[in-house]
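Okay, protein33.cif now, which holds mmCIF, C-alpha atoms:
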```cif
data_coords
#
loop_
_atom_site.label_atom_id
_atom_site.label_comp_id
_atom_site.auth_asym_id
_atom_site.auth_seq_id
_atom_site.Cartn_x
_atom_site.Cartn_y
_atom_site.Cartn_z
CA MET G 1 0.00 0.00 0.00
CA THR G 2 2.88 2.39 0.85
CA TRP G 3 4.64 1.52 -2.42
CA ARG G 4 1.38 2.08 -4.28
CA ARG G 5 0.90 5.43 -2.57
CA GLU G 6 4.44 6.46 -3.47
CA GLN G 7 3.87 5.45 -7.06
CA GLU G 8 0.70 7.50 -7.24
CA ASP G 9 2.49 10.57 -5.88
CA GLN G 10 5.46 10.35 -8.27
CA PRO G 11 5.92 13.63 -10.09
CA PHE G 12 7.10 13.76 -13.68
CA PRO G 13 10.84 13.60 -14.39
CA GLY G 14 12.59 16.98 -14.42
CA GLU G 15 12.56 17.75 -18.14
CA LEU G 16 8.91 16.86 -18.61
CA GLN G 17 7.88 18.78 -15.49
CA LYS G 18 9.81 21.80 -16.77
CA LEU G 19 8.03 21.48 -20.11
CA LEU G 20 4.61 21.44 -18.47
CA THR G 21 5.46 24.38 -16.22
CA SER G 22 6.63 26.45 -19.20
CA TYR G 23 3.42 25.51 -21.04
CA LYS G 24 1.55 28.01 -18.84
CA GLU G 25 3.87 30.87 -19.88
CA ALA G 26 3.73 29.68 -23.48
CA THR G 27 -0.07 30.03 -23.59
CA PRO G 28 -0.77 33.56 -22.41
CA VAL G 29 -4.14 35.12 -23.08
CA GLY G 30 -3.80 37.80 -25.72
CA GLU G 31 -5.88 40.93 -25.87
CA ILE G 32 -9.46 40.11 -24.98
CA SER G 33 -11.79 41.24 -27.75
CA PRO G 34 -13.89 44.35 -26.93
CA ASN G 35 -16.91 42.36 -28.19
CA PHE G 36 -16.55 39.79 -25.42
CA MET G 37 -19.09 41.34 -23.02
CA PRO G 38 -21.64 42.50 -25.65
CA GLU G 39 -21.58 39.03 -27.22
CA LEU G 40 -21.93 37.38 -23.84
CA TRP G 41 -24.99 39.50 -23.01
CA ALA G 42 -26.47 38.80 -26.45
CA ARG G 43 -26.21 35.06 -25.68
CA ILE G 44 -27.72 35.57 -22.22
CA GLU G 45 -30.66 37.53 -23.66
CA SER G 46 -31.17 34.98 -26.41
CA ARG G 47 -31.33 32.13 -23.91
CA ARG G 48 -33.67 34.14 -21.67
CA LYS G 49 -36.07 34.58 -24.61
CA VAL G 50 -35.97 30.87 -25.39
CA THR G 51 -36.60 30.04 -21.71
CA LEU G 52 -39.48 32.56 -21.54
CA SER G 53 -41.08 31.30 -24.78
CA PHE G 54 -40.75 27.72 -23.62
CA GLY G 55 -42.26 28.67 -20.26
CA ARG G 56 -45.23 30.38 -21.95
CA LEU G 57 -45.72 27.41 -24.26
CA ALA G 58 -45.60 24.99 -21.36
CA ARG G 59 -48.11 27.09 -19.36
CA GLY G 60 -50.35 27.24 -22.43
CA PHE G 61 -50.31 23.46 -22.73
CA VAL G 62 -51.07 23.02 -19.06
CA THR G 63 -54.01 25.45 -19.26
CA ALA G 64 -55.34 23.75 -22.40
CA ALA G 65 -54.97 20.31 -20.82
CA ALA G 66 -56.76 21.48 -17.66
CA ALA G 67 -59.60 22.97 -19.72
CA LEU G 68 -59.90 19.79 -21.74
CA CYS G 69 -60.05 17.69 -18.58
CA LEU G 70 -62.80 19.91 -17.16
CA MET G 71 -64.81 19.66 -20.38
CA ILE G 72 -64.47 15.90 -20.52
CA SER G 73 -65.43 15.59 -16.83
CA ALA G 74 -68.48 17.81 -17.36
CA GLY G 75 -69.45 15.81 -20.41
CA ILE G 76 -69.17 12.53 -18.57
CA ALA G 77 -71.14 13.88 -15.61
CA THR G 78 -73.96 15.16 -17.86
CA GLN G 79 -74.13 11.89 -19.77
CA SER G 80 -74.29 9.87 -16.53
CA THR G 81 -77.17 12.05 -15.16
CA SER G 82 -79.17 11.69 -18.40
CA VAL G 83 -78.69 7.92 -18.42
CA LEU G 84 -79.82 7.72 -14.80
CA GLN G 85 -82.83 9.94 -15.49
CA VAL G 86 -83.75 7.89 -18.52
CA SER G 87 -83.37 4.73 -16.50
CA TYR G 88 -85.38 6.18 -13.61
CA VAL G 89 -88.12 7.34 -15.97
CA ASP G 90 -88.14 3.95 -17.68
CA ALA G 91 -88.31 2.29 -14.30
CA LEU G 92 -91.30 4.46 -13.34
CA ASP G 93 -92.99 3.68 -16.62
CA ASP G 94 -92.35 0.01 -16.14
CA ALA G 95 -93.70 0.23 -12.61
CA ASP G 96 -96.88 2.01 -13.80
CA GLU G 97 -97.45 -0.51 -16.52
CA ALA G 98 -97.01 -3.37 -14.13
CA GLU G 99 -99.48 -1.79 -11.71
CA ALA G 100 -101.99 -1.18 -14.48
CA GLU G 101 -101.62 -4.78 -15.63
CA SER G 102 -102.21 -6.15 -12.20
CA GLU G 103 -105.32 -3.95 -11.76
CA ARG G 104 -106.75 -5.24 -15.00
CA LEU G 105 -106.21 -8.75 -13.86
CA MET T 1 -11.10 34.84 -4.14
CA LEU T 2 -10.91 37.67 -6.64
CA VAL T 3 -14.24 39.21 -5.58
CA GLU T 4 -16.07 39.82 -2.32
CA PHE T 5 -18.77 37.38 -1.21
CA GLU T 6 -21.19 40.28 -1.15
CA LEU T 7 -20.76 40.78 -4.91
CA ILE T 8 -21.59 37.12 -5.55
CA GLU T 9 -24.69 37.39 -3.36
CA ARG T 10 -25.81 40.43 -5.33
CA ALA T 11 -25.27 38.63 -8.62
CA ARG T 12 -27.28 35.68 -7.27
CA SER T 13 -30.12 38.07 -6.49
CA GLY T 14 -30.23 39.19 -10.13
CA ASP T 15 -27.94 42.25 -10.03
CA ASP T 16 -26.51 42.31 -13.57
CA ALA T 17 -23.93 44.98 -12.73
CA ALA T 18 -22.55 42.69 -10.01
CA PHE T 19 -22.40 39.84 -12.54
CA ASN T 20 -20.48 42.08 -14.96
CA GLN T 21 -17.94 42.82 -12.26
CA ILE T 22 -17.49 39.12 -11.54
CA VAL T 23 -16.88 38.42 -15.24
CA ALA T 24 -14.38 41.28 -15.46
CA SER T 25 -12.49 39.95 -12.42
CA TYR T 26 -12.31 36.31 -13.51
CA ARG T 27 -12.25 36.66 -17.26
CA LYS T 28 -8.50 36.66 -17.76
CA ARG T 29 -7.89 33.72 -15.45
CA ILE T 30 -10.67 31.61 -16.95
CA LEU T 31 -9.68 32.39 -20.54
CA GLY T 32 -6.08 31.48 -19.71
CA THR T 33 -7.18 28.14 -18.28
CA ILE T 34 -9.40 27.47 -21.29
CA ALA T 35 -6.53 28.30 -23.67
CA ARG T 36 -4.45 25.59 -22.03
CA LEU T 37 -7.28 23.07 -21.79
CA ILE T 38 -8.46 23.25 -25.40
CA GLY T 39 -5.22 24.22 -27.16
CA ARG T 40 -6.96 26.35 -29.81
CA PRO T 41 -6.54 30.12 -29.35
CA GLU T 42 -9.20 30.98 -31.94
CA ASP T 43 -11.98 29.33 -29.91
CA VAL T 44 -10.95 30.46 -26.42
CA GLU T 45 -13.29 33.44 -26.19
CA ASP T 46 -16.23 31.44 -27.49
CA VAL T 47 -15.76 28.74 -24.86
CA GLY T 48 -15.14 31.48 -22.27
CA GLN T 49 -18.49 33.07 -23.07
CA ASP T 50 -20.06 29.63 -22.75
CA VAL T 51 -18.61 29.33 -19.24
CA PHE T 52 -19.99 32.70 -18.09
CA LEU T 53 -23.33 32.00 -19.76
CA ARG T 54 -23.58 28.77 -17.74
CA LEU T 55 -22.51 30.68 -14.64
CA TYR T 56 -25.26 33.26 -15.14
CA PHE T 57 -27.99 30.66 -15.34
CA SER T 58 -26.67 28.49 -12.53
CA LEU T 59 -25.88 31.13 -9.89
CA ASP T 60 -29.08 30.29 -8.05
CA GLN T 61 -27.77 26.71 -7.57
CA LEU T 62 -24.70 27.98 -5.71
CA ARG T 63 -25.16 26.94 -2.10
CA THR T 64 -22.75 29.47 -0.56
CA PRO T 65 -20.35 32.09 -1.98
CA GLU T 66 -17.45 30.15 -0.44
CA VAL T 67 -17.74 27.44 -3.11
CA PHE T 68 -17.86 29.96 -5.95
CA GLU T 69 -14.35 29.34 -7.30
CA PRO T 70 -14.56 25.52 -7.38
CA TRP T 71 -18.01 25.97 -8.96
CA LEU T 72 -16.60 28.28 -11.65
CA TYR T 73 -13.73 25.87 -12.32
CA ARG T 74 -16.27 23.05 -12.61
CA LEU T 75 -18.18 25.01 -15.25
CA THR T 76 -14.89 25.73 -17.04
CA VAL T 77 -13.93 22.05 -17.05
CA ASN T 78 -17.37 21.03 -18.36
CA ALA T 79 -17.32 23.64 -21.13
CA ALA T 80 -13.78 22.65 -22.17
CA TYR T 81 -14.71 18.99 -22.11
CA ASP T 82 -17.83 19.59 -24.23
CA TYR T 83 -15.72 21.55 -26.71
CA LEU T 84 -13.07 18.82 -26.93
CA ARG T 85 -15.73 16.15 -27.50
CA ARG T 86 -17.25 18.20 -30.35
CA GLN T 87 -13.79 18.64 -31.85
CA ARG T 88 -13.06 14.93 -31.56
CA ARG T 89 -16.24 14.12 -33.49
CA ARG T 90 -15.19 16.55 -36.21
CA ASN T 91 -11.61 15.34 -36.53
CA GLU T 92 -10.86 11.96 -38.10
CA SER T 93 -7.62 10.93 -36.53
CA ARG T 94 -6.20 7.70 -37.90
CA MET T 95 -3.12 5.75 -36.96
CA SER T 96 -1.13 7.18 -39.87
CA ASP T 97 -1.87 10.72 -38.57
CA LEU T 98 -0.66 9.76 -35.11
CA THR T 99 2.57 8.47 -36.56
CA GLU T 100 3.04 11.79 -38.33
CA GLU T 101 2.38 13.56 -35.06
CA GLN T 102 4.92 11.40 -33.31
CA VAL T 103 7.43 12.48 -35.90
CA MET T 104 6.51 16.13 -35.31
CA LEU T 105 6.90 15.55 -31.59
CA ALA T 106 10.32 14.02 -32.02
CA ASP T 107 11.34 16.91 -34.26
CA ALA T 108 10.11 19.43 -31.71
CA LEU T 109 12.10 17.75 -28.96
CA ALA T 110 15.23 17.47 -31.11
CA GLY T 111 15.15 21.28 -31.75
CA GLY T 112 17.78 21.59 -34.45
CA ARG T 113 17.98 25.35 -34.74
CA ALA T 114 18.03 28.40 -32.54
CA ASP T 115 14.47 29.67 -31.99
CA GLN T 116 13.25 33.07 -31.10
CA ASP T 117 11.03 33.50 -28.04
CA GLU T 118 7.72 33.16 -29.91
CA GLN T 119 8.87 30.16 -31.90
CA GLN T 120 10.09 28.53 -28.70
CA LYS T 121 6.71 29.08 -27.07
CA ARG T 122 4.96 27.64 -30.11
CA LYS T 123 7.17 24.55 -29.94
CA ILE T 124 6.36 24.12 -26.26
CA ARG T 125 2.63 24.37 -26.98
CA GLU T 126 2.84 21.91 -29.85
CA THR T 127 4.97 19.49 -27.85
CA VAL T 128 2.65 19.45 -24.86
CA ASP T 129 -0.45 19.22 -27.07
CA LEU T 130 1.04 16.23 -28.84
CA LEU T 131 2.06 14.55 -25.58
CA LEU T 132 -1.49 14.91 -24.30
CA LYS T 133 -3.06 13.52 -27.46
CA GLY T 134 -2.65 10.00 -26.11
CA VAL T 135 -4.93 10.57 -23.12
CA SER T 136 -8.69 11.04 -22.97
CA GLU T 137 -10.20 14.51 -22.82
CA GLU T 138 -11.07 14.03 -19.14
CA ASP T 139 -7.51 13.02 -18.29
CA ARG T 140 -6.07 15.86 -20.35
CA ILE T 141 -8.13 18.38 -18.42
CA LEU T 142 -7.29 16.77 -15.07
CA LEU T 143 -3.56 16.68 -15.84
CA LEU T 144 -3.50 20.30 -17.01
CA LEU T 145 -5.39 21.50 -13.95
CA LYS T 146 -2.94 19.66 -11.69
CA GLU T 147 0.40 20.03 -13.49
CA VAL T 148 0.00 23.34 -15.33
CA GLU T 149 -2.65 25.35 -13.45
CA GLY T 150 -1.13 24.08 -10.21
CA LEU T 151 -4.36 23.20 -8.44
CA SER T 152 -3.98 21.05 -5.34
CA LEU T 153 -5.69 17.70 -4.87
CA LYS T 154 -7.99 19.31 -2.29
CA GLU T 155 -9.08 21.91 -4.82
CA LEU T 156 -9.57 19.24 -7.46
CA GLU T 157 -11.67 17.25 -4.98
CA LYS T 158 -14.08 20.21 -4.71
CA ILE T 159 -14.25 20.65 -8.47
CA TYR T 160 -14.75 17.00 -9.35
CA HIS T 161 -16.71 15.92 -6.24
CA VAL T 162 -14.47 12.85 -6.18
CA LYS T 163 -12.30 11.58 -3.31
CA GLU T 164 -8.59 12.41 -3.30
CA ASN T 165 -7.56 8.76 -3.65
CA ALA T 166 -9.64 8.28 -6.79
CA LEU T 167 -8.05 11.42 -8.27
CA LYS T 168 -4.58 10.16 -7.41
CA VAL T 169 -5.22 6.88 -9.20
CA ARG T 170 -6.56 8.67 -12.24
CA LEU T 171 -3.63 11.08 -12.30
CA PHE T 172 -1.16 8.24 -11.94
CA ARG T 173 -2.55 6.40 -14.96
CA ALA T 174 -2.70 9.54 -17.09
CA ARG T 175 0.86 10.48 -16.08
CA GLN T 176 2.08 7.03 -17.07
CA ARG T 177 0.64 7.44 -20.56
CA VAL T 178 2.16 10.89 -21.01
CA LEU T 179 5.50 9.68 -19.66
CA LYS T 180 5.50 6.79 -22.10
CA ALA T 181 4.81 9.16 -25.01
CA PHE T 182 7.55 11.50 -23.80
CA GLU T 183 10.12 8.73 -23.44
CA SER T 184 9.48 7.25 -26.87
CA ALA T 185 9.59 10.72 -28.42
CA GLN T 186 12.92 11.39 -26.71
CA GLU T 187 14.30 8.18 -28.17
CA GLU T 188 13.21 9.30 -31.62
CA ALA T 189 14.68 12.75 -30.99
CA ASP T 190 18.02 11.20 -30.00
CA LYS T 191 17.97 9.17 -33.21
CA LEU T 192 17.24 12.32 -35.22
CA ARG T 193 20.09 14.20 -33.56
CA GLY T 194 22.36 11.29 -34.30
CA THR T 195 21.29 11.31 -37.96
CA LEU T 196 21.76 15.10 -38.28
CA LYS T 197 25.27 14.97 -36.81
CA ARG T 198 26.33 12.54 -39.54
#
```
Just give me the structure as structure tokens.
Amino acid sequence: MTWRREQEDQPFPGELQKLLTSYKEATPVGEISPNFMPELWARIESRRKVTLSFGRLARGFVTAAAALCLMISAGIATQSTSVLQVSYVDALDDADEAEAESERL
Amino acid sequence: MLVEFELIERARSGDDAAFNQIVASYRKRILGTIARLIGRPEDVEDVGQDVFLRLYFSLDQLRTPEVFEPWLYRLTVNAAYDYLRRQRRRNESRMSDLTEEQVMLADALAGGRADQDEQQKRKIRETVDLLLKGVSEEDRILLLLKEVEGLSLKELEKIYHVKENALKVRLFRARQRVLKAFESAQEEADKLRGTLKR
């Protein structure tokens, strides 16, 4: 385990380490373009618009879906009431007929 | 920290002027890191803007201002990694190309003529870029952060959310690959020098 730990901590040999250290100096950042900030803000605004539009679209879908659900529920409820009423009316009719029949007899 | 915690808090609350100040303070450092991670000066600013764009839209996820710098480094690493993956998909690198690159590497190490400062820097960049070609993008970024940017293992732990031991193992393997490339290139360079002397 100690050997393994030593192996893992081994730095690079001198020449290679020197090369990597000088890599930082060899890659300086040149003059930063004056357009950097304006372009950054243009990208931020563009993404904001996309996020806003997507948000509006999503809210629109949710509202439409909720409205549709309400309509379907109302439709189902109305249909059920009519069926019951029809059935109840039919049942009354049937009951009257049966009574009339029995009276005749 | 290059900025006060108070500035970060203001930026988190939606103060765009505070965000601008943060960008101005960190821009040079982040662009320098990106330049070394991606190795393509012409795309540095574009990737840099990507980093700050991600920062802008993720500031509300920052738990405390104290973790701001590791957070910013994390965004930088992710943006650089995404860029390198896109580049890899675009480039078709075949074995014959690698052999050519190995030759270029050997030539760079042999250094047959006296170079001016800029040429020397270009050679260093090319040499290191070629040495790192043999490792994955993730390992390239990790090695550069450790060996060139000089980040400690503790700092890397915060950026990668990975334990120190796991990082050490990863670094060890990546170092071995780079060392192997360096040693074989040196052998080739010695052969070249020997040929030139004759």
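The shell of residues at most 6 Å from range 11-13 of chain T, with only C-alpha atoms counted and near chain neighbours (fewer than 5 positions) removed, consists of Ala18, Phe19, Leu59 and Asp60 of chain T.
In this comparison, which uses all atoms listed in the file, the residue of T:Arg54, T:Arg63, T:Arg89, T:Arg74 approaching chain G most closely is T:Arg54.
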Problem - Residues returned when the PyMOL selection byres ((chain T) within 6 of (chain G)) runs on this file, as a count of residues only - result: 6
Exercise for the section: Enumerate, as a list in words, the residues matched when the PyMOL selection byres ((chain T and resi 159) around 7) is run on the file above. Expected result: Pro70, Trp71, Tyr73, Arg74, Glu155, Leu156, Glu157, Lys158, Tyr160 and His161 of chain T
Practice task
Could you state which residues are captured by the PyMOL selection byres ((chain T and resi 35-46) around 7) in this file, as a ChimeraX atom specification?
Solution key: /G:27 /T:31-34,47-50,80,84,129,141,144
Practice task
Could you check how far CA of Gln61 in chain T sits from CA of Arg29 in chain T, in Å to one decimal?
Solution key: 22.5 Å
Fill in the blank from the handout: As a check of understanding: the span from CA of Ala79 in chain T to CA of Val51 in chain T is 6.1 Å
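Note that CA of Asn78 in chain T and CA of Lys133 in chain T are 18.5 Å apart.
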Export range 30-71 of chain G of the preceding structure, keeping N, CA and C atoms, as a PDB file, in the first residue's frame.
```
ATOM      1  N   GLY G  30      -4.082  36.547 -25.010  1.00  0.00           N
ATOM      2  CA  GLY G  30      -3.797  37.797 -25.722  1.00  0.00           C
ATOM      3  C   GLY G  30      -4.809  38.861 -25.319  1.00  0.00           C
ATOM      4  N   GLU G  31      -4.888  39.880 -26.118  1.00  0.00           N
ATOM      5  CA  GLU G  31      -5.880  40.935 -25.874  1.00  0.00           C
ATOM      6  C   GLU G  31      -7.280  40.353 -25.967  1.00  0.00           C
ATOM      7  N   ILE G  32      -8.080  40.616 -24.940  1.00  0.00           N
ATOM      8  CA  ILE G  32      -9.458  40.114 -24.984  1.00  0.00           C
ATOM      9  C   ILE G  32     -10.257  41.041 -25.881  1.00  0.00           C
ATOM     10  N   SER G  33     -11.043  40.444 -26.767  1.00  0.00           N
ATOM     11  CA  SER G  33     -11.791  41.236 -27.751  1.00  0.00           C
ATOM     12  C   SER G  33     -12.778  42.168 -27.046  1.00  0.00           C
ATOM     13  N   PRO G  34     -12.930  43.418 -27.543  1.00  0.00           N
ATOM     14  CA  PRO G  34     -13.888  44.348 -26.934  1.00  0.00           C
ATOM     15  C   PRO G  34     -15.329  43.867 -27.083  1.00  0.00           C
ATOM     16  N   ASN G  35     -15.551  42.894 -27.992  1.00  0.00           N
ATOM     17  CA  ASN G  35     -16.908  42.356 -28.189  1.00  0.00           C
ATOM     18  C   ASN G  35     -17.271  41.266 -27.188  1.00  0.00           C
ATOM     19  N   PHE G  36     -16.328  40.925 -26.318  1.00  0.00           N
ATOM     20  CA  PHE G  36     -16.555  39.786 -25.422  1.00  0.00           C
ATOM     21  C   PHE G  36     -17.828  39.978 -24.595  1.00  0.00           C
ATOM     22  N   MET G  37     -17.924  41.105 -23.896  1.00  0.00           N
ATOM     23  CA  MET G  37     -19.091  41.338 -23.024  1.00  0.00           C
ATOM     24  C   MET G  37     -20.379  41.522 -23.808  1.00  0.00           C
ATOM     25  N   PRO G  38     -20.401  42.368 -24.867  1.00  0.00           N
ATOM     26  CA  PRO G  38     -21.641  42.500 -25.651  1.00  0.00           C
ATOM     27  C   PRO G  38     -22.121  41.155 -26.193  1.00  0.00           C
ATOM     28  N   GLU G  39     -21.189  40.335 -26.670  1.00  0.00           N
ATOM     29  CA  GLU G  39     -21.583  39.033 -27.220  1.00  0.00           C
ATOM     30  C   GLU G  39     -22.102  38.114 -26.122  1.00  0.00           C
ATOM     31  N   LEU G  40     -21.482  38.201 -24.964  1.00  0.00           N
ATOM     32  CA  LEU G  40     -21.933  37.375 -23.839  1.00  0.00           C
ATOM     33  C   LEU G  40     -23.373  37.742 -23.471  1.00  0.00           C
ATOM     34  N   TRP G  41     -23.643  39.053 -23.366  1.00  0.00           N
ATOM     35  CA  TRP G  41     -24.988  39.495 -23.014  1.00  0.00           C
ATOM     36  C   TRP G  41     -26.008  39.153 -24.098  1.00  0.00           C
ATOM     37  N   ALA G  42     -25.563  39.197 -25.357  1.00  0.00           N
ATOM     38  CA  ALA G  42     -26.466  38.804 -26.447  1.00  0.00           C
ATOM     39  C   ALA G  42     -26.862  37.339 -26.281  1.00  0.00           C
ATOM     40  N   ARG G  43     -25.915  36.493 -25.881  1.00  0.00           N
ATOM     41  CA  ARG G  43     -26.206  35.059 -25.683  1.00  0.00           C
ATOM     42  C   ARG G  43     -27.118  34.860 -24.485  1.00  0.00           C
ATOM     43  N   ILE G  44     -26.874  35.678 -23.423  1.00  0.00           N
ATOM     44  CA  ILE G  44     -27.720  35.567 -22.224  1.00  0.00           C
ATOM     45  C   ILE G  44     -29.159  35.951 -22.577  1.00  0.00           C
ATOM     46  N   GLU G  45     -29.316  37.067 -23.292  1.00  0.00           N
ATOM     47  CA  GLU G  45     -30.662  37.528 -23.662  1.00  0.00           C
ATOM     48  C   GLU G  45     -31.360  36.518 -24.557  1.00  0.00           C
ATOM     49  N   SER G  46     -30.604  35.962 -25.488  1.00  0.00           N
ATOM     50  CA  SER G  46     -31.171  34.980 -26.415  1.00  0.00           C
ATOM     51  C   SER G  46     -31.688  33.766 -25.648  1.00  0.00           C
ATOM     52  N   ARG G  47     -30.906  33.313 -24.677  1.00  0.00           N
ATOM     53  CA  ARG G  47     -31.332  32.132 -23.909  1.00  0.00           C
ATOM     54  C   ARG G  47     -32.520  32.468 -23.010  1.00  0.00           C
ATOM     55  N   ARG G  48     -32.527  33.711 -22.501  1.00  0.00           N
ATOM     56  CA  ARG G  48     -33.666  34.144 -21.672  1.00  0.00           C
ATOM     57  C   ARG G  48     -34.946  34.075 -22.488  1.00  0.00           C
ATOM     58  N   LYS G  49     -34.873  34.562 -23.738  1.00  0.00           N
ATOM     59  CA  LYS G  49     -36.068  34.582 -24.611  1.00  0.00           C
ATOM     60  C   LYS G  49     -36.545  33.161 -24.857  1.00  0.00           C
ATOM     61  N   VAL G  50     -35.613  32.271 -25.129  1.00  0.00           N
ATOM     62  CA  VAL G  50     -35.970  30.869 -25.392  1.00  0.00           C
ATOM     63  C   VAL G  50     -36.628  30.280 -24.153  1.00  0.00           C
ATOM     64  N   THR G  51     -36.052  30.567 -22.975  1.00  0.00           N
ATOM     65  CA  THR G  51     -36.598  30.037 -21.709  1.00  0.00           C
ATOM     66  C   THR G  51     -37.994  30.599 -21.467  1.00  0.00           C
ATOM     67  N   LEU G  52     -38.176  31.911 -21.741  1.00  0.00           N
ATOM     68  CA  LEU G  52     -39.482  32.559 -21.544  1.00  0.00           C
ATOM     69  C   LEU G  52     -40.516  31.949 -22.487  1.00  0.00           C
ATOM     70  N   SER G  53     -40.144  31.838 -23.778  1.00  0.00           N
ATOM     71  CA  SER G  53     -41.077  31.298 -24.781  1.00  0.00           C
ATOM     72  C   SER G  53     -41.464  29.875 -24.403  1.00  0.00           C
ATOM     73  N   PHE G  54     -40.484  29.106 -23.997  1.00  0.00           N
ATOM     74  CA  PHE G  54     -40.755  27.722 -23.622  1.00  0.00           C
ATOM     75  C   PHE G  54     -41.674  27.681 -22.415  1.00  0.00           C
ATOM     76  N   GLY G  55     -41.431  28.591 -21.455  1.00  0.00           N
ATOM     77  CA  GLY G  55     -42.261  28.668 -20.262  1.00  0.00           C
ATOM     78  C   GLY G  55     -43.701  28.996 -20.614  1.00  0.00           C
ATOM     79  N   ARG G  56     -43.868  29.979 -21.522  1.00  0.00           N
ATOM     80  CA  ARG G  56     -45.233  30.380 -21.950  1.00  0.00           C
ATOM     81  C   ARG G  56     -45.925  29.214 -22.649  1.00  0.00           C
ATOM     82  N   LEU G  57     -45.160  28.548 -23.520  1.00  0.00           N
ATOM     83  CA  LEU G  57     -45.716  27.411 -24.263  1.00  0.00           C
ATOM     84  C   LEU G  57     -46.153  26.317 -23.295  1.00  0.00           C
ATOM     85  N   ALA G  58     -45.293  26.043 -22.331  1.00  0.00           N
ATOM     86  CA  ALA G  58     -45.601  24.990 -21.356  1.00  0.00           C
ATOM     87  C   ALA G  58     -46.847  25.373 -20.551  1.00  0.00           C
ATOM     88  N   ARG G  59     -46.919  26.654 -20.130  1.00  0.00           N
ATOM     89  CA  ARG G  59     -48.106  27.089 -19.356  1.00  0.00           C
ATOM     90  C   ARG G  59     -49.366  26.994 -20.216  1.00  0.00           C
ATOM     91  N   GLY G  60     -49.219  27.332 -21.502  1.00  0.00           N
ATOM     92  CA  GLY G  60     -50.346  27.240 -22.434  1.00  0.00           C
ATOM     93  C   GLY G  60     -50.861  25.817 -22.530  1.00  0.00           C
ATOM     94  N   PHE G  61     -49.939  24.873 -22.637  1.00  0.00           N
ATOM     95  CA  PHE G  61     -50.313  23.457 -22.732  1.00  0.00           C
ATOM     96  C   PHE G  61     -51.029  22.996 -21.475  1.00  0.00           C
ATOM     97  N   VAL G  62     -50.479  23.432 -20.331  1.00  0.00           N
ATOM     98  CA  VAL G  62     -51.071  23.017 -19.056  1.00  0.00           C
ATOM     99  C   VAL G  62     -52.493  23.557 -18.944  1.00  0.00           C
ATOM    100  N   THR G  63     -52.676  24.828 -19.317  1.00  0.00           N
ATOM    101  CA  THR G  63     -54.010  25.447 -19.260  1.00  0.00           C
ATOM    102  C   THR G  63     -54.971  24.721 -20.194  1.00  0.00           C
ATOM    103  N   ALA G  64     -54.493  24.444 -21.416  1.00  0.00           N
ATOM    104  CA  ALA G  64     -55.342  23.751 -22.399  1.00  0.00           C
ATOM    105  C   ALA G  64     -55.694  22.352 -21.896  1.00  0.00           C
ATOM    106  N   ALA G  65     -54.728  21.678 -21.331  1.00  0.00           N
ATOM    107  CA  ALA G  65     -54.967  20.314 -20.823  1.00  0.00           C
ATOM    108  C   ALA G  65     -55.971  20.346 -19.679  1.00  0.00           C
ATOM    109  N   ALA G  66     -55.838  21.346 -18.792  1.00  0.00           N
ATOM    110  CA  ALA G  66     -56.760  21.476 -17.656  1.00  0.00           C
ATOM    111  C   ALA G  66     -58.174  21.748 -18.160  1.00  0.00           C
ATOM    112  N   ALA G  67     -58.286  22.632 -19.153  1.00  0.00           N
ATOM    113  CA  ALA G  67     -59.599  22.971 -19.720  1.00  0.00           C
ATOM    114  C   ALA G  67     -60.232  21.738 -20.355  1.00  0.00           C
ATOM    115  N   LEU G  68     -59.412  21.002 -21.074  1.00  0.00           N
ATOM    116  CA  LEU G  68     -59.903  19.785 -21.740  1.00  0.00           C
ATOM    117  C   LEU G  68     -60.409  18.778 -20.713  1.00  0.00           C
ATOM    118  N   CYS G  69     -59.658  18.623 -19.649  1.00  0.00           N
ATOM    119  CA  CYS G  69     -60.049  17.690 -18.576  1.00  0.00           C
ATOM    120  C   CYS G  69     -61.388  18.098 -17.978  1.00  0.00           C
ATOM    121  N   LEU G  70     -61.551  19.398 -17.749  1.00  0.00           N
ATOM    122  CA  LEU G  70     -62.798  19.909 -17.164  1.00  0.00           C
ATOM    123  C   LEU G  70     -63.974  19.622 -18.094  1.00  0.00           C
ATOM    124  N   MET G  71     -63.743  19.874 -19.388  1.00  0.00           N
ATOM    125  CA  MET G  71     -64.813  19.659 -20.379  1.00  0.00           C
ATOM    126  C   MET G  71     -65.200  18.191 -20.431  1.00  0.00           C
TER     127      MET G  71
END
```
